[in-house]
$ cat data.pdb   # PDB, C-alpha atoms
MODEL        1
ATOM      1  CA  MET A   1     132.940 -34.006 -85.521
ATOM      2  CA  ASP A   2     133.159 -30.306 -84.664
ATOM      3  CA  PHE A   3     134.771 -29.262 -81.404
ATOM      4  CA  SER A   4     132.445 -27.815 -78.781
ATOM      5  CA  VAL A   5     132.279 -27.185 -75.043
ATOM      6  CA  THR A   6     129.022 -26.700 -73.180
ATOM      7  CA  VAL A   7     128.706 -25.806 -69.520
ATOM      8  CA  ALA A   8     125.870 -26.749 -67.164
ATOM      9  CA  SER A   9     125.384 -26.768 -63.416
ATOM     10  CA  HIS A  10     124.776 -30.076 -61.696
ATOM     11  CA  GLY A  11     124.273 -29.428 -57.997
ATOM     12  CA  ARG A  12     127.455 -27.897 -56.644
ATOM     13  CA  TRP A  13     129.407 -29.010 -59.723
ATOM     14  CA  GLU A  14     129.925 -27.255 -63.046
ATOM     15  CA  VAL A  15     129.980 -29.810 -65.840
ATOM     16  CA  LEU A  16     131.859 -29.066 -69.045
ATOM     17  CA  THR A  17     130.801 -31.419 -71.817
ATOM     18  CA  VAL A  18     133.392 -31.579 -74.563
ATOM     19  CA  THR A  19     132.902 -33.072 -78.030
ATOM     20  CA  GLY A  20     135.281 -33.503 -80.951
ATOM     21  CA  GLU A  21     139.068 -33.509 -80.768
ATOM     22  CA  ILE A  22     141.269 -31.680 -78.282
ATOM     23  CA  ASP A  23     144.510 -30.902 -80.078
ATOM     24  CA  MET A  24     146.822 -27.991 -80.838
ATOM     25  CA  ALA A  25     144.075 -26.290 -82.827
ATOM     26  CA  THR A  26     141.256 -26.625 -80.287
ATOM     27  CA  ALA A  27     143.121 -26.718 -76.949
ATOM     28  CA  PRO A  28     143.246 -22.891 -76.674
ATOM     29  CA  ARG A  29     139.427 -22.701 -76.915
ATOM     30  CA  PHE A  30     139.108 -25.538 -74.394
ATOM     31  CA  ARG A  31     141.537 -23.805 -72.007
ATOM     32  CA  GLN A  32     139.743 -20.480 -72.381
ATOM     33  CA  ARG A  33     136.333 -21.966 -71.608
ATOM     34  CA  LEU A  34     137.672 -23.994 -68.675
ATOM     35  CA  LEU A  35     139.540 -21.033 -67.185
ATOM     36  CA  ALA A  36     136.461 -18.825 -67.551
ATOM     37  CA  VAL A  37     134.511 -21.293 -65.403
ATOM     38  CA  ILE A  38     137.284 -21.570 -62.817
ATOM     39  CA  SER A  39     137.873 -17.787 -62.749
ATOM     40  CA  ALA A  40     134.176 -17.297 -61.992
ATOM     41  CA  GLY A  41     134.851 -18.930 -58.618
ATOM     42  CA  VAL A  42     133.731 -22.462 -59.395
ATOM     43  CA  GLN A  43     135.581 -24.921 -57.178
ATOM     44  CA  ASN A  44     134.093 -28.231 -58.307
ATOM     45  CA  VAL A  45     134.473 -29.085 -61.989
ATOM     46  CA  VAL A  46     133.545 -32.190 -63.947
ATOM     47  CA  ILE A  47     134.892 -32.517 -67.476
ATOM     48  CA  ASP A  48     132.859 -34.939 -69.566
ATOM     49  CA  LEU A  49     135.147 -36.331 -72.258
ATOM     50  CA  SER A  50     132.723 -39.047 -73.410
ATOM     51  CA  GLY A  51     132.274 -37.252 -76.738
ATOM     52  CA  VAL A  52     135.982 -36.641 -77.338
ATOM     53  CA  ASP A  53     137.518 -38.685 -80.146
ATOM     54  CA  PHE A  54     141.134 -37.665 -79.626
ATOM     55  CA  ILE A  55     143.287 -35.717 -77.193
ATOM     56  CA  ASP A  56     146.945 -34.828 -77.683
ATOM     57  CA  SER A  57     149.601 -33.683 -75.220
ATOM     58  CA  THR A  58     148.382 -30.092 -75.500
ATOM     59  CA  GLY A  59     144.928 -31.148 -74.337
ATOM     60  CA  LEU A  60     146.382 -33.254 -71.535
ATOM     61  CA  GLY A  61     148.353 -30.196 -70.458
ATOM     62  CA  VAL A  62     145.148 -28.162 -70.286
ATOM     63  CA  LEU A  63     143.627 -30.796 -67.995
ATOM     64  CA  MET A  64     146.665 -30.806 -65.708
ATOM     65  CA  GLY A  65     146.832 -27.003 -65.564
ATOM     66  CA  ALA A  66     143.138 -26.828 -64.679
ATOM     67  CA  ALA A  67     143.577 -29.470 -61.973
ATOM     68  CA  LYS A  68     146.413 -27.485 -60.369
ATOM     69  CA  ARG A  69     144.402 -24.267 -60.475
ATOM     70  CA  VAL A  70     141.203 -25.792 -59.048
ATOM     71  CA  ARG A  71     143.012 -27.692 -56.311
ATOM     72  CA  SER A  72     145.007 -24.623 -55.275
ATOM     73  CA  THR A  73     141.701 -23.077 -54.158
ATOM     74  CA  GLY A  74     140.545 -26.202 -52.324
ATOM     75  CA  GLY A  75     138.357 -27.439 -55.157
ATOM     76  CA  ASP A  76     138.123 -30.702 -57.065
ATOM     77  CA  ILE A  77     138.215 -31.677 -60.718
ATOM     78  CA  ARG A  78     136.922 -34.961 -62.146
ATOM     79  CA  LEU A  79     136.803 -36.580 -65.558
ATOM     80  CA  VAL A  80     133.996 -38.567 -67.146
ATOM     81  CA  MET A  81     134.854 -41.121 -69.818
ATOM     82  CA  SER A  82     132.173 -43.709 -70.445
ATOM     83  CA  GLY A  83     133.583 -46.455 -72.630
ATOM     84  CA  SER A  84     135.983 -43.952 -74.105
ATOM     85  CA  ARG A  85     139.134 -44.851 -75.955
ATOM     86  CA  LEU A  86     140.696 -42.031 -73.980
ATOM     87  CA  ALA A  87     140.598 -44.113 -70.808
ATOM     88  CA  GLU A  88     143.502 -46.157 -72.112
ATOM     89  CA  LEU A  89     145.540 -43.015 -72.763
ATOM     90  CA  ILE A  90     144.731 -41.605 -69.332
ATOM     91  CA  GLU A  91     145.915 -44.868 -67.757
ATOM     92  CA  LEU A  92     149.021 -45.055 -69.950
ATOM     93  CA  THR A  93     150.062 -41.523 -69.000
ATOM     94  CA  ARG A  94     149.136 -42.256 -65.361
ATOM     95  CA  LEU A  95     146.841 -39.252 -65.235
ATOM     96  CA  ASP A  96     144.275 -41.521 -63.610
ATOM     97  CA  ARG A  97     146.485 -41.296 -60.504
ATOM     98  CA  VAL A  98     146.161 -37.515 -60.523
ATOM     99  CA  LEU A  99     142.597 -37.051 -61.825
ATOM    100  CA  ASP A 100     139.589 -39.037 -60.633
ATOM    101  CA  VAL A 101     137.858 -40.773 -63.534
ATOM    102  CA  PHE A 102     134.169 -41.761 -63.537
ATOM    103  CA  ASP A 103     131.854 -43.591 -65.943
ATOM    104  CA  SER A 104     129.055 -41.006 -65.859
ATOM    105  CA  ILE A 105     128.271 -37.447 -64.851
ATOM    106  CA  SER A 106     125.930 -38.666 -62.121
ATOM    107  CA  ALA A 107     128.663 -40.874 -60.643
ATOM    108  CA  ALA A 108     131.144 -37.989 -60.732
ATOM    109  CA  THR A 109     128.773 -35.554 -59.002
ATOM    110  CA  GLU A 110     126.754 -37.667 -56.561
ATOM    111  CA  GLU A 111     129.648 -38.801 -54.380
ATOM    112  CA  SER A 112     130.246 -35.421 -52.782
ATOM    113  CA  GLU A 113     126.850 -33.755 -52.992
ATOM    114  CA  ALA A 114     125.565 -35.111 -49.682
TER     115      ALA A 114
ENDMDL
END
$ encode --input "data.pdb" --output "structure tokens"
Amino acid sequence: MDFSVTVASHGRWEVLTVTGEIDMATAPRFRQRLLAVISAGVQNVVIDLSGVDFIDSTGLGVLMGAAKRVRSTGGDIRLVMSGSRLAELIELTRLDRVLDVFDSISAATEESEA
């Protein structure tokens, strides 16, 4: 599966939908796209990883760097992983204690839209 990142607005959230693998080869493109969204002043970001087959430590580092940057401006960052094999990795690395994980985009965005 080819790597891709699409961006769409969902209320006050920007949703990045990622497909393919996030590894040393694709992490720079992922970081660039994510930082472009954050640099545009977006404070609430959802990253949908439901279509991601694999993520390595480079990709996890991109997620952590983005979380630090968004939170430093008072924003929030959330992950979506519906039935993903990545959920196990996120739990194993304890990133689920740092990043909120949801089953769907609607669940990730509806909680704080009211």
$ resolve_selection --input "data.pdb" --expression "the PyMOL selection byres ((chain A and resi 86) around 10)" --output "JSON, numbers by chain"
{"A": [49, 50, 52, 53, 54, 55, 81, 82, 83, 84, 85, 87, 88, 89, 90, 91, 92]}
$ closest_residue --input "data.pdb" --among "A:Ala66, A:Thr73, A:Leu60, A:Leu35" --to "Asp96 (chain A)" --atoms "all atoms listed in the file"
A:Leu60
$ closest_residue --input "data.pdb" --among "A:Ile47, A:Ser72, A:Thr58, A:His10" --to "Val101 (chain A)" --atoms "all atoms listed in the file"
A:Ile47
$ residues_around --input "data.pdb" --residues "Ile38 (chain A)" --least-positions-apart "3" --cutoff "10 Å" --atoms "only C-alpha atoms" --output "VMD selection string"
chain A and resid 14 32 to 35 41 to 45 66 69 to 70 73 75
$ residues_around --input "data.pdb" --residues "Phe102 (chain A)" --least-positions-apart "5" --cutoff "9 Å" --atoms "only C-alpha atoms" --output "ChimeraX atom specification"
/A:78-82,107-108
$ axis_aligned_box --input "data.pdb" --around "region 5-18 of chain A" --padding-each-side "5 Å" --output "lines of an AutoDock Vina configuration file"
center_x = 128.8
center_y = -28.7
center_z = -65.8
size_x = 19.1
size_y = 15.8
size_z = 28.4
$ closest_residue --input "data.pdb" --among "A:Ser39, A:Val46, A:Gly74, A:Leu16" --to "Leu99 (chain A)" --atoms "all atoms listed in the file"
A:Val46
$ atom_distance --input "data.pdb" --atom1 "CA of Ser4 (chain A)" --atom2 "CA of Ile105 (chain A)"
17.4 Å
$ residues_around --input "data.pdb" --residues "Phe30 (chain A)" --least-positions-apart "6" --cutoff "9 Å" --atoms "all atoms listed in the file" --output "list in words"
Ser4, Val5, Val18, Ile22, Gly59 and Val62 of chain A
$ build_atoms --input "data.pdb" --residues "region 32-43 of chain A" --atoms "all heavy atoms" --output "mmCIF file, in the coordinates of the input"
data_model
loop_
_atom_site.group_PDB
_atom_site.id
_atom_site.type_symbol
_atom_site.label_atom_id
_atom_site.label_comp_id
_atom_site.auth_asym_id
_atom_site.auth_seq_id
_atom_site.Cartn_x
_atom_site.Cartn_y
_atom_site.Cartn_z
ATOM 1 N N GLN A 32 140.446 -21.733 -72.636
ATOM 2 C CA GLN A 32 139.743 -20.480 -72.381
ATOM 3 C C GLN A 32 138.402 -20.711 -71.696
ATOM 4 O O GLN A 32 138.051 -20.043 -70.732
ATOM 5 C CB GLN A 32 139.544 -19.725 -73.704
ATOM 6 C CG GLN A 32 138.829 -18.409 -73.561
ATOM 7 C CD GLN A 32 138.647 -17.725 -74.910
ATOM 8 O OE1 GLN A 32 138.520 -18.378 -75.949
ATOM 9 N NE2 GLN A 32 138.628 -16.406 -74.897
ATOM 10 N N ARG A 33 137.651 -21.675 -72.191
ATOM 11 C CA ARG A 33 136.333 -21.966 -71.608
ATOM 12 C C ARG A 33 136.467 -22.508 -70.190
ATOM 13 O O ARG A 33 135.732 -22.117 -69.295
ATOM 14 C CB ARG A 33 135.621 -22.990 -72.503
ATOM 15 C CG ARG A 33 134.153 -23.100 -72.252
ATOM 16 C CD ARG A 33 133.438 -21.823 -72.724
ATOM 17 N NE ARG A 33 132.074 -21.808 -72.305
ATOM 18 C CZ ARG A 33 131.064 -22.258 -73.027
ATOM 19 N NH1 ARG A 33 131.279 -22.751 -74.213
ATOM 20 N NH2 ARG A 33 129.843 -22.210 -72.556
ATOM 21 N N LEU A 34 137.431 -23.400 -69.986
ATOM 22 C CA LEU A 34 137.672 -23.994 -68.675
ATOM 23 C C LEU A 34 138.130 -22.937 -67.677
ATOM 24 O O LEU A 34 137.629 -22.872 -66.549
ATOM 25 C CB LEU A 34 138.708 -25.105 -68.828
ATOM 26 C CG LEU A 34 139.008 -26.010 -67.646
ATOM 27 C CD1 LEU A 34 137.758 -26.592 -67.035
ATOM 28 C CD2 LEU A 34 139.945 -27.127 -68.099
ATOM 29 N N LEU A 35 139.049 -22.081 -68.084
ATOM 30 C CA LEU A 35 139.540 -21.033 -67.185
ATOM 31 C C LEU A 35 138.462 -20.001 -66.877
ATOM 32 O O LEU A 35 138.437 -19.443 -65.779
ATOM 33 C CB LEU A 35 140.781 -20.367 -67.764
ATOM 34 C CG LEU A 35 142.031 -21.233 -67.789
ATOM 35 C CD1 LEU A 35 143.209 -20.462 -68.380
ATOM 36 C CD2 LEU A 35 142.375 -21.769 -66.408
ATOM 37 N N ALA A 36 137.568 -19.749 -67.810
ATOM 38 C CA ALA A 36 136.461 -18.825 -67.551
ATOM 39 C C ALA A 36 135.577 -19.367 -66.427
ATOM 40 O O ALA A 36 135.152 -18.619 -65.543
ATOM 41 C CB ALA A 36 135.644 -18.599 -68.822
ATOM 42 N N VAL A 37 135.322 -20.664 -66.454
ATOM 43 C CA VAL A 37 134.511 -21.293 -65.403
ATOM 44 C C VAL A 37 135.235 -21.214 -64.058
ATOM 45 O O VAL A 37 134.664 -20.807 -63.047
ATOM 46 C CB VAL A 37 134.180 -22.769 -65.770
ATOM 47 C CG1 VAL A 37 133.602 -23.518 -64.594
ATOM 48 C CG2 VAL A 37 133.226 -22.805 -66.954
ATOM 49 N N ILE A 38 136.508 -21.575 -64.059
ATOM 50 C CA ILE A 38 137.284 -21.570 -62.817
ATOM 51 C C ILE A 38 137.442 -20.148 -62.283
ATOM 52 O O ILE A 38 137.305 -19.909 -61.079
ATOM 53 C CB ILE A 38 138.653 -22.242 -63.039
ATOM 54 C CG1 ILE A 38 138.464 -23.725 -63.378
ATOM 55 C CG2 ILE A 38 139.541 -22.078 -61.812
ATOM 56 C CD1 ILE A 38 139.718 -24.409 -63.917
ATOM 57 N N SER A 39 137.694 -19.184 -63.151
ATOM 58 C CA SER A 39 137.873 -17.787 -62.749
ATOM 59 C C SER A 39 136.593 -17.186 -62.174
ATOM 60 O O SER A 39 136.653 -16.214 -61.425
ATOM 61 C CB SER A 39 138.339 -16.947 -63.930
ATOM 62 O OG SER A 39 139.616 -17.375 -64.345
ATOM 63 N N ALA A 40 135.460 -17.759 -62.527
ATOM 64 C CA ALA A 40 134.176 -17.297 -61.992
ATOM 65 C C ALA A 40 133.969 -17.771 -60.555
ATOM 66 O O ALA A 40 132.925 -17.498 -59.963
ATOM 67 C CB ALA A 40 133.036 -17.765 -62.886
ATOM 68 N N GLY A 41 134.940 -18.491 -60.011
ATOM 69 C CA GLY A 41 134.851 -18.930 -58.618
ATOM 70 C C GLY A 41 134.355 -20.348 -58.428
ATOM 71 O O GLY A 41 134.145 -20.787 -57.297
ATOM 72 N N VAL A 42 134.181 -21.079 -59.501
ATOM 73 C CA VAL A 42 133.731 -22.462 -59.395
ATOM 74 C C VAL A 42 134.861 -23.309 -58.823
ATOM 75 O O VAL A 42 135.999 -23.224 -59.288
ATOM 76 C CB VAL A 42 133.299 -23.015 -60.778
ATOM 77 C CG1 VAL A 42 133.004 -24.495 -60.707
ATOM 78 C CG2 VAL A 42 132.109 -22.233 -61.287
ATOM 79 N N GLN A 43 134.551 -24.099 -57.799
ATOM 80 C CA GLN A 43 135.581 -24.921 -57.178
ATOM 81 C C GLN A 43 135.451 -26.398 -57.508
ATOM 82 O O GLN A 43 136.389 -27.149 -57.286
ATOM 83 C CB GLN A 43 135.562 -24.741 -55.673
ATOM 84 C CG GLN A 43 136.061 -23.383 -55.246
ATOM 85 C CD GLN A 43 136.375 -23.344 -53.773
ATOM 86 O OE1 GLN A 43 135.795 -24.067 -52.988
ATOM 87 N NE2 GLN A 43 137.307 -22.499 -53.407
#
